[in-house]
file my_file18.csv (CSV, C-alpha atoms and all ligand atoms)
chain,number,residue,atom,x,y,z
A,657,MET,CA,9.8,1.6,-20.0
A,658,LEU,CA,7.2,3.7,-18.2
A,659,THR,CA,7.6,7.4,-18.6
A,660,ALA,CA,6.1,10.4,-16.7
A,661,GLN,CA,4.3,11.4,-20.0
A,662,MET,CA,2.7,8.0,-20.4
A,663,LEU,CA,1.6,7.8,-16.8
A,664,ARG,CA,0.2,11.4,-16.6
A,665,LYS,CA,-1.7,11.1,-19.9
A,666,GLY,CA,-5.3,11.8,-19.2
A,667,LEU,CA,-4.8,12.0,-15.5
A,668,LYS,CA,-7.4,14.4,-14.0
A,669,THR,CA,-6.2,14.5,-10.4
A,670,ARG,CA,-5.2,17.9,-8.9
A,671,ARG,CA,-2.3,16.9,-6.8
A,672,PHE,CA,-1.7,13.2,-6.9
A,673,GLY,CA,0.7,12.6,-9.8
A,674,SER,CA,1.0,16.3,-10.6
A,675,LYS,CA,4.8,15.6,-10.7
A,676,VAL,CA,6.0,12.1,-11.7
A,677,PHE,CA,9.7,11.1,-11.9
A,678,CYS,CA,10.4,7.8,-13.6
A,679,PHE,CA,13.6,5.8,-13.2
A,680,GLU,CA,14.7,2.7,-15.0
A,681,VAL,CA,16.9,1.6,-12.0
A,682,ILE,CA,16.9,3.0,-8.5
A,683,ASP,CA,17.8,1.7,-5.1
A,684,SER,CA,14.3,2.3,-3.6
A,685,THR,CA,11.6,4.6,-4.7
A,686,ASN,CA,10.8,5.1,-0.9
A,687,ALA,CA,14.4,6.2,-0.2
A,688,CYS,CA,14.3,8.6,-3.2
A,689,ALA,CA,10.9,10.0,-2.2
A,690,ARG,CA,12.1,10.6,1.4
A,691,ALA,CA,15.2,12.4,0.1
A,692,LEU,CA,13.0,14.7,-2.1
A,693,ALA,CA,10.4,15.2,0.6
A,694,SER,CA,12.9,16.3,3.1
A,695,CYS,CA,14.0,19.2,0.8
A,696,TRP,CA,11.4,20.5,-1.6
A,697,ALA,CA,9.0,18.0,-3.1
A,698,ASP,CA,5.3,19.0,-3.1
A,699,GLU,CA,2.5,16.8,-1.8
A,700,GLY,CA,1.4,14.4,-4.6
A,701,THR,CA,4.8,14.0,-6.1
A,702,VAL,CA,5.4,10.4,-7.3
A,703,ILE,CA,8.6,8.5,-7.8
A,704,VAL,CA,8.3,5.4,-10.1
A,705,ALA,CA,10.9,2.8,-11.0
A,706,GLU,CA,11.0,-0.2,-13.3
A,707,GLN,CA,13.6,-1.8,-11.1
A,708,GLN,CA,14.7,-1.4,-7.5
A,709,THR,CA,18.1,-2.7,-6.3
A,710,ALA,CA,17.2,-2.3,-2.7
A,711,GLY,CA,13.4,-2.3,-2.7
A,712,ARG,CA,12.1,-2.2,0.9
A,713,GLY,CA,9.4,-4.3,2.4
A,714,ARG,CA,7.8,-4.2,5.8
A,715,MET,CA,9.6,-5.7,8.9
A,716,GLY,CA,13.1,-5.2,7.3
A,717,ARG,CA,12.3,-7.4,4.3
A,718,THR,CA,13.2,-6.7,0.7
A,719,TRP,CA,10.7,-6.2,-2.1
A,720,VAL,CA,11.6,-7.8,-5.4
A,721,ALA,CA,9.7,-7.4,-8.6
A,722,ASN,CA,10.5,-8.1,-12.2
A,723,PRO,CA,11.3,-4.9,-14.2
A,724,PHE,CA,8.8,-3.8,-16.9
A,725,GLU,CA,6.0,-6.0,-15.6
A,726,ASN,CA,4.9,-4.4,-12.3
A,727,LEU,CA,4.2,-1.1,-10.6
A,728,THR,CA,6.7,0.1,-7.9
A,729,PHE,CA,6.2,3.7,-6.8
A,730,SER,CA,6.1,6.0,-3.9
A,731,VAL,CA,3.8,9.0,-3.2
A,732,ILE,CA,4.8,12.0,-1.1
A,733,LEU,CA,2.1,13.4,1.3
A,734,ARG,CA,2.1,16.2,3.7
A,735,PRO,CA,-1.0,15.5,5.8
A,736,GLU,CA,-2.0,18.2,8.3
A,737,THR,CA,-2.6,15.8,11.1
A,738,PRO,CA,-1.2,15.3,14.5
A,739,ALA,CA,1.4,12.5,14.7
A,740,GLU,CA,-1.2,10.0,15.9
A,741,GLY,CA,-3.2,10.4,12.7
A,742,ILE,CA,-0.3,8.8,10.8
A,743,ASN,CA,-1.3,5.4,12.2
A,744,LEU,CA,-4.4,5.3,10.0
A,745,LEU,CA,-2.5,6.0,6.8
A,746,PRO,CA,-1.9,2.2,6.2
A,747,LEU,CA,-5.6,1.6,6.2
A,748,TYR,CA,-6.2,4.6,3.9
A,749,ALA,CA,-3.6,3.4,1.4
A,750,GLY,CA,-4.9,-0.1,1.5
A,751,VAL,CA,-8.5,0.9,0.8
A,752,ALA,CA,-7.6,3.3,-1.9
A,753,VAL,CA,-5.2,1.0,-3.8
A,754,ALA,CA,-7.7,-2.0,-3.4
A,755,GLU,CA,-10.5,0.1,-4.9
A,756,ALA,CA,-8.2,1.2,-7.8
A,757,ILE,CA,-7.2,-2.4,-8.6
A,758,GLU,CA,-10.8,-3.5,-8.5
A,759,ARG,CA,-11.8,-0.7,-10.9
A,760,ALA,CA,-9.0,-1.4,-13.3
A,761,THR,CA,-9.4,-5.2,-13.3
A,762,GLY,CA,-12.8,-6.3,-12.0
A,763,LEU,CA,-11.0,-8.6,-9.6
A,764,SER,CA,-12.1,-8.7,-6.0
A,765,VAL,CA,-9.4,-7.3,-3.6
A,766,VAL,CA,-9.4,-7.6,0.2
A,767,CYS,CA,-7.3,-5.8,2.8
A,768,LYS,CA,-5.1,-7.7,5.3
A,769,TRP,CA,-3.9,-5.8,8.3
A,770,PRO,CA,-1.9,-3.6,8.3
A,771,ASN,CA,-1.7,-3.0,4.6
A,772,ASP,CA,-1.4,-6.0,2.4
A,773,LEU,CA,-3.8,-6.5,-0.5
A,774,LEU,CA,-5.0,-10.0,-1.4
A,775,VAL,CA,-6.7,-11.6,-4.4
A,776,ASN,CA,-8.0,-15.1,-3.8
A,777,ASP,CA,-6.1,-15.2,-0.5
A,778,LYS,CA,-2.7,-14.4,-2.1
A,779,LYS,CA,-0.8,-11.2,-1.8
A,780,VAL,CA,-1.0,-9.0,-4.9
A,781,ALA,CA,0.3,-5.8,-3.5
A,782,GLY,CA,2.3,-4.5,-0.5
A,783,ILE,CA,2.5,-1.0,1.0
A,784,LEU,CA,5.3,0.5,3.0
A,785,ILE,CA,4.7,3.8,4.8
A,786,GLU,CA,7.6,5.8,6.1
A,787,GLY,CA,7.5,9.3,7.4
A,788,SER,CA,9.2,12.1,9.3
A,789,LEU,CA,7.8,14.0,12.3
A,790,LYS,CA,8.8,17.5,13.3
A,791,GLU,CA,7.8,18.9,16.7
A,792,SER,CA,5.1,16.2,17.1
A,793,SER,CA,3.4,17.0,13.8
A,794,VAL,CA,3.9,15.2,10.4
A,795,GLU,CA,6.6,16.8,8.2
A,796,TYR,CA,6.0,14.3,5.4
A,797,VAL,CA,4.8,10.8,4.7
A,798,VAL,CA,6.0,8.5,1.9
A,799,ILE,CA,3.5,5.8,0.8
A,800,GLY,CA,5.5,3.1,-1.1
A,801,ILE,CA,3.3,0.8,-3.2
A,802,GLY,CA,4.3,-2.4,-5.0
A,803,ILE,CA,1.6,-4.0,-7.2
A,804,ASN,CA,2.3,-7.4,-8.9
A,805,VAL,CA,0.8,-6.6,-12.3
A,806,ASN,CA,2.0,-8.7,-15.3
A,807,GLN,CA,4.5,-11.0,-13.5
A,808,ARG,CA,3.7,-14.7,-14.2
A,809,GLU,CA,6.2,-16.4,-11.9
A,810,PHE,CA,7.6,-15.7,-8.4
A,811,PRO,CA,10.7,-16.9,-6.6
A,812,PRO,CA,10.1,-20.3,-4.9
A,813,GLU,CA,10.2,-18.8,-1.4
A,814,ILE,CA,7.1,-16.7,-2.1
A,815,SER,CA,5.4,-18.6,-4.9
A,816,SER,CA,2.8,-20.1,-2.6
A,817,THR,CA,1.8,-16.8,-1.1
A,818,ALA,CA,2.2,-14.2,-3.9
A,819,THR,CA,0.1,-13.7,-6.9
A,820,SER,CA,-0.3,-11.1,-9.6
A,821,LEU,CA,-3.1,-9.5,-11.6
A,822,ILE,CA,-2.2,-11.5,-14.7
A,823,ILE,CA,-2.3,-14.8,-12.8
A,824,GLU,CA,-5.6,-14.0,-11.2
A,825,GLY,CA,-7.3,-12.2,-14.1
A,826,GLY,CA,-5.8,-14.4,-16.9
A,827,LYS,CA,-4.8,-11.4,-19.0
A,828,GLU,CA,-2.3,-8.6,-19.2
A,829,TYR,CA,-3.2,-5.3,-17.7
A,830,SER,CA,-2.1,-1.8,-18.6
A,831,ARG,CA,0.2,-0.5,-15.9
A,832,GLU,CA,-0.5,3.1,-17.0
A,833,ASP,CA,-4.3,2.7,-16.6
A,834,LEU,CA,-3.8,1.1,-13.2
A,835,PHE,CA,-1.4,3.8,-12.1
A,836,ARG,CA,-4.0,6.5,-13.0
A,837,GLU,CA,-6.7,4.6,-11.1
A,838,VAL,CA,-4.5,4.5,-8.0
A,839,MET,CA,-3.9,8.3,-8.3
A,840,ARG,CA,-7.6,9.0,-8.6
A,841,SER,CA,-8.6,6.7,-5.8
A,842,MET,CA,-5.8,8.0,-3.4
A,843,GLU,CA,-6.8,11.6,-4.1
A,844,ALA,CA,-10.5,11.0,-3.7
A,845,HIS,CA,-10.1,9.3,-0.3
A,846,TYR,CA,-7.5,11.7,0.9
A,847,LYS,CA,-9.7,14.7,0.3
A,848,GLY,CA,-12.5,13.1,2.4
A,849,LEU,CA,-10.2,12.1,5.1
A,850,THR,CA,-8.3,15.4,5.4
A,851,SER,CA,-11.6,17.3,5.6
A,852,HIS,CA,-13.6,14.9,7.9
A,853,GLY,CA,-10.9,13.1,9.8
A,854,PHE,CA,-8.8,10.0,9.1
A,855,GLN,CA,-11.0,7.8,11.4
A,856,ARG,CA,-13.5,7.7,8.5
A,857,ILE,CA,-11.4,5.2,6.8
A,858,ILE,CA,-12.0,2.5,9.5
A,859,PRO,CA,-15.4,1.3,8.5
A,860,LYS,CA,-14.3,1.3,4.8
A,861,TRP,CA,-11.3,-0.8,5.7
A,862,ILE,CA,-13.4,-3.2,7.8
A,863,ASP,CA,-15.8,-3.6,4.9
A,864,ARG,CA,-13.1,-4.9,2.7
A,865,SER,CA,-11.0,-6.7,5.3
A,866,ALA,CA,-10.3,-10.4,5.0
A,867,MET,CA,-9.9,-10.6,8.8
A,868,ILE,CA,-12.8,-9.8,11.1
A,869,GLY,CA,-13.9,-12.9,12.9
A,870,ARG,CA,-11.1,-14.9,11.5
A,871,ARG,CA,-8.4,-16.9,13.4
A,872,ILE,CA,-5.0,-15.5,12.8
A,873,SER,CA,-1.5,-15.9,14.1
A,874,VAL,CA,0.7,-12.9,14.5
A,875,ASN,CA,4.5,-13.0,14.5
A,876,GLN,CA,6.0,-10.1,16.6
A,877,ASN,CA,9.7,-10.4,16.4
A,878,GLY,CA,9.6,-14.2,16.8
A,879,SER,CA,6.9,-14.4,19.4
A,880,ILE,CA,3.7,-15.9,18.0
A,881,LEU,CA,0.2,-14.9,19.2
A,882,THR,CA,-2.9,-16.7,18.0
A,883,GLY,CA,-6.5,-15.4,18.3
A,884,THR,CA,-9.6,-14.2,16.7
A,885,VAL,CA,-9.8,-10.7,15.1
A,886,LYS,CA,-12.4,-8.4,16.7
A,887,GLY,CA,-11.7,-5.2,14.7
A,888,VAL,CA,-9.4,-2.2,14.6
A,889,ASN,CA,-9.4,0.6,17.0
A,890,GLU,CA,-9.3,4.4,16.4
A,891,GLN,CA,-5.5,4.3,16.0
A,892,GLY,CA,-5.6,1.6,13.4
A,893,ALA,CA,-4.4,-1.1,15.8
A,894,LEU,CA,-5.7,-4.6,15.5
A,895,LEU,CA,-8.0,-5.9,18.2
A,896,LEU,CA,-7.4,-9.6,18.9
A,897,ASP,CA,-9.2,-12.0,21.3
A,898,VAL,CA,-6.6,-14.3,22.6
A,899,ASP,CA,-8.3,-17.0,24.8
A,900,GLY,CA,-10.8,-14.5,26.1
A,901,THR,CA,-8.4,-11.7,26.6
A,902,GLN,CA,-8.6,-8.6,24.3
A,903,THR,CA,-5.2,-7.7,23.0
A,904,THR,CA,-4.2,-4.6,21.0
A,905,LEU,CA,-1.6,-5.1,18.3
A,906,HIS,CA,0.3,-2.2,16.8
A,907,ALA,CA,2.6,-4.1,14.5
A,908,GLY,CA,3.3,-7.7,13.4
A,909,ASP,CA,3.3,-10.1,10.6
A,910,VAL,CA,-0.1,-11.8,10.2
A,911,THR,CA,-1.1,-15.2,8.9
A,912,ILE,CA,-4.8,-15.8,8.4
A,913,LEU,CA,-5.2,-19.4,9.5
A,914,GLY,CA,-6.9,-21.8,7.1
A,915,THR,CA,-5.7,-19.8,4.1
A,916,ASN,CA,-2.3,-19.2,2.6
A,917,GLY,CA,-2.8,-15.4,2.7
A,918,ARG,CA,0.4,-14.4,4.4
B,1,LIG,C1,5.5,-5.1,2.1
B,1,LIG,O1,4.5,-5.8,1.8
B,1,LIG,O2,6.4,-5.6,2.8
B,1,LIG,C2,5.6,-3.7,1.6
B,1,LIG,C3,6.2,-3.6,0.2
B,1,LIG,C4,6.4,-2.2,-0.3
B,1,LIG,C5,7.1,-2.2,-1.6
B,1,LIG,C6,7.1,-0.9,-2.3
B,1,LIG,S1,7.7,-1.0,-3.9
B,1,LIG,C7,7.8,0.8,-4.0
B,1,LIG,C8,8.2,1.3,-2.7
B,1,LIG,N1,9.7,1.4,-2.6
B,1,LIG,C9,10.2,0.5,-1.8
B,1,LIG,O3,11.4,0.4,-1.5
B,1,LIG,N2,9.2,-0.2,-1.2
B,1,LIG,C10,7.9,0.2,-1.6

call {"tool": "encode", "arguments": {"input": "my_file18.csv", "output": "structure tokens", "more": "lines below"}}
Ligand code: BTN
result
Amino acid sequence: MLTAQMLRKGLKTRRFGSKVFCFEVIDSTNACARALASCWADEGTVIVAEQQTAGRGRMGRTWVANPFENLTFSVILRPETPAEGINLLPLYAGVAVAEAIERATGLSVVCKWPNDLLVNDKKVAGILIEGSLKESSVEYVVIGIGINVNQREFPPEISSTATSLIIEGGKEYSREDLFREVMRSMEAHYKGLTSHGFQRIIPKWIDRSAMIGRRISVNQNGSILTGTVKGVNEQGALLLDVDGTQTTLHAGDVTILGTNGR
């Protein structure tokens, strides 16, 4: 089982991972992190679990991952940004985690809006951001990250769209090393963004996006929109050309057409 001592060994970050709490079983690391963030927890505190009984995914879905094989954790942030700035956090988290996975494995990772990470067109990691606002500023943000690391098989309903680092890289990876890379990468990008503005993440996200110029379909609560991706705007919303009309999307479930990268 992962322990805080194992994960923090050799970690040189200042804040990210300065406090790590590991659980063998928990309902959801995001739920736990939110509870801690609403009372005392410092920025950079991380909650890690081997197994979640109610792991949360985007759009009300659940996140299921085999215990002892993957990384499921949540990081507490207290960014000093007006509430709108929070919309760029998915792009920040996507870029930071993608870079960390690349550094730890050598695999090439691309970002899919809003914050999925793909290797060879299949989903290798998901990110769920939840937060609390107080008087139109951000009280706290929880960045929940699930990375499929050493899991070789997935349930039938996701087996054609999900992958893991062991499947793509053909070898087992150290979860501790990967965790430390994620902490380093998140801290490095966060420093830059908090001093120079979160907008700075946009070109970085576009550089590693699987989407610009691609045909996609977007499911927004059952209504499907198909178009060509033009970019993202200053709020992190996706700009889509739908039959010649520019459409701005703030949420949705994207399928990149011509691949299986859901
Ligand atoms: C998604 O792709 O739908 C987002 C998945 C996010 C899963 C992670 S696992 C750790 C953290 N705790 C949760 O309950 N969810 C996130």

call {"tool": "closest_atom_pairs", "arguments": {"input": "my_file18.csv", "of": "chain A", "to": "ligand LIG 1 (chain B)", "cutoff": "9 Å", "atoms": "all atoms listed in the file", "output": "JSON lines"}}
result
{"residue": "A:Asp683", "atom": "CA", "partner": "B:LIG1", "partner_atom": "O3", "distance": 7.5}
{"residue": "A:Ser684", "atom": "CA", "partner": "B:LIG1", "partner_atom": "O3", "distance": 4.1}
{"residue": "A:Thr685", "atom": "CA", "partner": "B:LIG1", "partner_atom": "N1", "distance": 4.3}
{"residue": "A:Asn686", "atom": "CA", "partner": "B:LIG1", "partner_atom": "N1", "distance": 4.2}
{"residue": "A:Ala687", "atom": "CA", "partner": "B:LIG1", "partner_atom": "O3", "distance": 6.7}
{"residue": "A:Cys688", "atom": "CA", "partner": "B:LIG1", "partner_atom": "N1", "distance": 8.6}
{"residue": "A:Ala689", "atom": "CA", "partner": "B:LIG1", "partner_atom": "N1", "distance": 8.7}
{"residue": "A:Ile703", "atom": "CA", "partner": "B:LIG1", "partner_atom": "C7", "distance": 8.6}
{"residue": "A:Val704", "atom": "CA", "partner": "B:LIG1", "partner_atom": "C7", "distance": 7.7}
{"residue": "A:Ala705", "atom": "CA", "partner": "B:LIG1", "partner_atom": "C7", "distance": 7.9}
{"residue": "A:Gln708", "atom": "CA", "partner": "B:LIG1", "partner_atom": "O3", "distance": 7.1}
{"residue": "A:Thr709", "atom": "CA", "partner": "B:LIG1", "partner_atom": "O3", "distance": 8.8}
{"residue": "A:Ala710", "atom": "CA", "partner": "B:LIG1", "partner_atom": "O3", "distance": 6.5}
{"residue": "A:Gly711", "atom": "CA", "partner": "B:LIG1", "partner_atom": "O3", "distance": 3.6}
{"residue": "A:Arg712", "atom": "CA", "partner": "B:LIG1", "partner_atom": "O3", "distance": 3.6}
{"residue": "A:Gly713", "atom": "CA", "partner": "B:LIG1", "partner_atom": "O2", "distance": 3.3}
{"residue": "A:Arg714", "atom": "CA", "partner": "B:LIG1", "partner_atom": "O2", "distance": 3.6}
{"residue": "A:Met715", "atom": "CA", "partner": "B:LIG1", "partner_atom": "O2", "distance": 6.9}
{"residue": "A:Gly716", "atom": "CA", "partner": "B:LIG1", "partner_atom": "O2", "distance": 8.1}
{"residue": "A:Arg717", "atom": "CA", "partner": "B:LIG1", "partner_atom": "O2", "distance": 6.3}
{"residue": "A:Thr718", "atom": "CA", "partner": "B:LIG1", "partner_atom": "O2", "distance": 7.2}
{"residue": "A:Trp719", "atom": "CA", "partner": "B:LIG1", "partner_atom": "C5", "distance": 5.4}
{"residue": "A:Val720", "atom": "CA", "partner": "B:LIG1", "partner_atom": "S1", "distance": 8.0}
{"residue": "A:Ala721", "atom": "CA", "partner": "B:LIG1", "partner_atom": "S1", "distance": 8.2}
{"residue": "A:Leu727", "atom": "CA", "partner": "B:LIG1", "partner_atom": "S1", "distance": 7.6}
{"residue": "A:Thr728", "atom": "CA", "partner": "B:LIG1", "partner_atom": "C7", "distance": 4.1}
{"residue": "A:Phe729", "atom": "CA", "partner": "B:LIG1", "partner_atom": "C7", "distance": 4.3}
{"residue": "A:Ser730", "atom": "CA", "partner": "B:LIG1", "partner_atom": "C8", "distance": 5.3}
{"residue": "A:Val731", "atom": "CA", "partner": "B:LIG1", "partner_atom": "C8", "distance": 8.9}
{"residue": "A:Asn771", "atom": "CA", "partner": "B:LIG1", "partner_atom": "O1", "distance": 7.4}
{"residue": "A:Asp772", "atom": "CA", "partner": "B:LIG1", "partner_atom": "O1", "distance": 5.9}
{"residue": "A:Leu773", "atom": "CA", "partner": "B:LIG1", "partner_atom": "O1", "distance": 8.6}
{"residue": "A:Lys779", "atom": "CA", "partner": "B:LIG1", "partner_atom": "O1", "distance": 8.4}
{"residue": "A:Ala781", "atom": "CA", "partner": "B:LIG1", "partner_atom": "O1", "distance": 6.8}
{"residue": "A:Gly782", "atom": "CA", "partner": "B:LIG1", "partner_atom": "O1", "distance": 3.4}
{"residue": "A:Ile783", "atom": "CA", "partner": "B:LIG1", "partner_atom": "C2", "distance": 4.2}
{"residue": "A:Leu784", "atom": "CA", "partner": "B:LIG1", "partner_atom": "C4", "distance": 4.4}
{"residue": "A:Ile785", "atom": "CA", "partner": "B:LIG1", "partner_atom": "C10", "distance": 8.0}
{"residue": "A:Val798", "atom": "CA", "partner": "B:LIG1", "partner_atom": "C8", "distance": 8.8}
{"residue": "A:Ile799", "atom": "CA", "partner": "B:LIG1", "partner_atom": "C8", "distance": 7.4}
{"residue": "A:Gly800", "atom": "CA", "partner": "B:LIG1", "partner_atom": "C8", "distance": 3.6}
{"residue": "A:Ile801", "atom": "CA", "partner": "B:LIG1", "partner_atom": "C6", "distance": 4.3}
{"residue": "A:Gly802", "atom": "CA", "partner": "B:LIG1", "partner_atom": "S1", "distance": 3.8}
{"residue": "A:Ile803", "atom": "CA", "partner": "B:LIG1", "partner_atom": "S1", "distance": 7.6}

call {"tool": "write_last_selection", "arguments": {"input": "my_file18.csv", "atoms": "C-alpha atoms", "output": "mmCIF file, in the frame of the given file"}}
result
data_model
loop_
_atom_site.group_PDB
_atom_site.id
_atom_site.type_symbol
_atom_site.label_atom_id
_atom_site.label_comp_id
_atom_site.auth_asym_id
_atom_site.auth_seq_id
_atom_site.Cartn_x
_atom_site.Cartn_y
_atom_site.Cartn_z
ATOM 1 C CA ASP A 683 17.800 1.700 -5.100
ATOM 2 C CA SER A 684 14.300 2.300 -3.600
ATOM 3 C CA THR A 685 11.600 4.600 -4.700
ATOM 4 C CA ASN A 686 10.800 5.100 -0.900
ATOM 5 C CA ALA A 687 14.400 6.200 -0.200
ATOM 6 C CA CYS A 688 14.300 8.600 -3.200
ATOM 7 C CA ALA A 689 10.900 10.000 -2.200
ATOM 8 C CA ILE A 703 8.600 8.500 -7.800
ATOM 9 C CA VAL A 704 8.300 5.400 -10.100
ATOM 10 C CA ALA A 705 10.900 2.800 -11.000
ATOM 11 C CA GLN A 708 14.700 -1.400 -7.500
ATOM 12 C CA THR A 709 18.100 -2.700 -6.300
ATOM 13 C CA ALA A 710 17.200 -2.300 -2.700
ATOM 14 C CA GLY A 711 13.400 -2.300 -2.700
ATOM 15 C CA ARG A 712 12.100 -2.200 0.900
ATOM 16 C CA GLY A 713 9.400 -4.300 2.400
ATOM 17 C CA ARG A 714 7.800 -4.200 5.800
ATOM 18 C CA MET A 715 9.600 -5.700 8.900
ATOM 19 C CA GLY A 716 13.100 -5.200 7.300
ATOM 20 C CA ARG A 717 12.300 -7.400 4.300
ATOM 21 C CA THR A 718 13.200 -6.700 0.700
ATOM 22 C CA TRP A 719 10.700 -6.200 -2.100
ATOM 23 C CA VAL A 720 11.600 -7.800 -5.400
ATOM 24 C CA ALA A 721 9.700 -7.400 -8.600
ATOM 25 C CA LEU A 727 4.200 -1.100 -10.600
ATOM 26 C CA THR A 728 6.700 0.100 -7.900
ATOM 27 C CA PHE A 729 6.200 3.700 -6.800
ATOM 28 C CA SER A 730 6.100 6.000 -3.900
ATOM 29 C CA VAL A 731 3.800 9.000 -3.200
ATOM 30 C CA ASN A 771 -1.700 -3.000 4.600
ATOM 31 C CA ASP A 772 -1.400 -6.000 2.400
ATOM 32 C CA LEU A 773 -3.800 -6.500 -0.500
ATOM 33 C CA LYS A 779 -0.800 -11.200 -1.800
ATOM 34 C CA ALA A 781 0.300 -5.800 -3.500
ATOM 35 C CA GLY A 782 2.300 -4.500 -0.500
ATOM 36 C CA ILE A 783 2.500 -1.000 1.000
ATOM 37 C CA LEU A 784 5.300 0.500 3.000
ATOM 38 C CA ILE A 785 4.700 3.800 4.800
ATOM 39 C CA VAL A 798 6.000 8.500 1.900
ATOM 40 C CA ILE A 799 3.500 5.800 0.800
ATOM 41 C CA GLY A 800 5.500 3.100 -1.100
ATOM 42 C CA ILE A 801 3.300 0.800 -3.200
ATOM 43 C CA GLY A 802 4.300 -2.400 -5.000
ATOM 44 C CA ILE A 803 1.600 -4.000 -7.200
#

call {"tool": "atom_distance", "arguments": {"input": "my_file18.csv", "atom1": "atom CA of Gly853 of chain A", "atom2": "atom CA of Ala754 of chain A"}}
result
20.3 Å

call {"tool": "closest_residue", "arguments": {"input": "my_file18.csv", "among": "A:Thr882, A:Arg836, A:Leu895, A:Gln707", "to": "Gln661 of chain A", "atoms": "all atoms listed in the file"}}
result
A:Arg836

call {"tool": "atom_distance", "arguments": {"input": "my_file18.csv", "atom1": "atom CA of Phe679 of chain A", "atom2": "atom CA of Leu663 of chain A"}}
result
12.7 Å

call {"tool": "atom_distance", "arguments": {"input": "my_file18.csv", "atom1": "atom CA of Val765 of chain A", "atom2": "atom CA of Val898 of chain A"}}
result
27.3 Å

call {"tool": "residues_around", "arguments": {"input": "my_file18.csv", "residues": "Glu828 of chain A", "least_positions_apart": "6", "cutoff": "8 Å", "atoms": "all atoms listed in the file", "output": "count of residues only"}}
result
4

call {"tool": "residues_around", "arguments": {"input": "my_file18.csv", "residues": "Pro738 of chain A", "least_positions_apart": "2", "cutoff": "9 Å", "atoms": "only C-alpha atoms", "output": "list in words"}}
result
Pro735, Glu736, Glu740, Gly741, Ile742, Ser792, Ser793 and Val794 of chain A

call {"tool": "write_last_selection", "arguments": {"input": "my_file18.csv", "atoms": "C-alpha atoms", "output": "PDB file, keeping the file's coordinate frame"}}
result
ATOM      1  CA  PRO A 735      -1.000  15.500   5.800  1.00  0.00           C
ATOM      2  CA  GLU A 736      -2.000  18.200   8.300  1.00  0.00           C
ATOM      3  CA  GLU A 740      -1.200  10.000  15.900  1.00  0.00           C
ATOM      4  CA  GLY A 741      -3.200  10.400  12.700  1.00  0.00           C
ATOM      5  CA  ILE A 742      -0.300   8.800  10.800  1.00  0.00           C
ATOM      6  CA  SER A 792       5.100  16.200  17.100  1.00  0.00           C
ATOM      7  CA  SER A 793       3.400  17.000  13.800  1.00  0.00           C
ATOM      8  CA  VAL A 794       3.900  15.200  10.400  1.00  0.00           C
TER       9      VAL A 794
END

call {"tool": "closest_residue", "arguments": {"input": "my_file18.csv", "among": "A:Glu813, A:Glu890, A:Glu755, A:Glu699", "to": "Arg856 of chain A", "atoms": "all atoms listed in the file"}}
result
A:Glu890

call {"tool": "decode", "arguments": {"input": "my_file18.csv", "residues": "segment 695-722 of chain A", "atoms": "C-alpha atoms", "output": "mmCIF file, in the first residue's frame"}}
result
data_model
loop_
_atom_site.group_PDB
_atom_site.id
_atom_site.type_symbol
_atom_site.label_atom_id
_atom_site.label_comp_id
_atom_site.auth_asym_id
_atom_site.auth_seq_id
_atom_site.Cartn_x
_atom_site.Cartn_y
_atom_site.Cartn_z
ATOM 1 C CA CYS A 695 -11.904 23.685 7.591
ATOM 2 C CA TRP A 696 -8.135 23.878 7.848
ATOM 3 C CA ALA A 697 -6.103 22.189 5.161
ATOM 4 C CA ASP A 698 -3.234 24.153 3.607
ATOM 5 C CA GLU A 699 -2.707 24.648 -0.089
ATOM 6 C CA GLY A 700 -0.791 21.699 -1.498
ATOM 7 C CA THR A 701 -2.305 19.110 0.871
ATOM 8 C CA VAL A 702 -2.917 15.818 -0.957
ATOM 9 C CA ILE A 703 -5.323 12.971 -0.202
ATOM 10 C CA VAL A 704 -4.395 9.620 -1.759
ATOM 11 C CA ALA A 705 -6.412 6.400 -1.738
ATOM 12 C CA GLU A 706 -5.778 2.879 -2.964
ATOM 13 C CA GLN A 707 -9.505 2.287 -3.357
ATOM 14 C CA GLN A 708 -12.514 4.584 -3.653
ATOM 15 C CA THR A 709 -15.987 3.222 -2.973
ATOM 16 C CA ALA A 710 -17.652 6.268 -4.547
ATOM 17 C CA GLY A 711 -14.974 7.680 -6.857
ATOM 18 C CA ARG A 712 -16.415 10.611 -8.762
ATOM 19 C CA GLY A 713 -16.018 11.257 -12.465
ATOM 20 C CA ARG A 714 -17.160 14.154 -14.634
ATOM 21 C CA MET A 715 -20.806 14.536 -15.658
ATOM 22 C CA GLY A 716 -22.041 12.530 -12.652
ATOM 23 C CA ARG A 717 -20.163 9.382 -13.659
ATOM 24 C CA THR A 718 -18.210 7.146 -11.303
ATOM 25 C CA TRP A 719 -14.450 6.546 -11.451
ATOM 26 C CA VAL A 720 -13.450 2.948 -10.900
ATOM 27 C CA ALA A 721 -9.821 1.826 -10.607
ATOM 28 C CA ASN A 722 -8.216 -1.360 -9.296
#
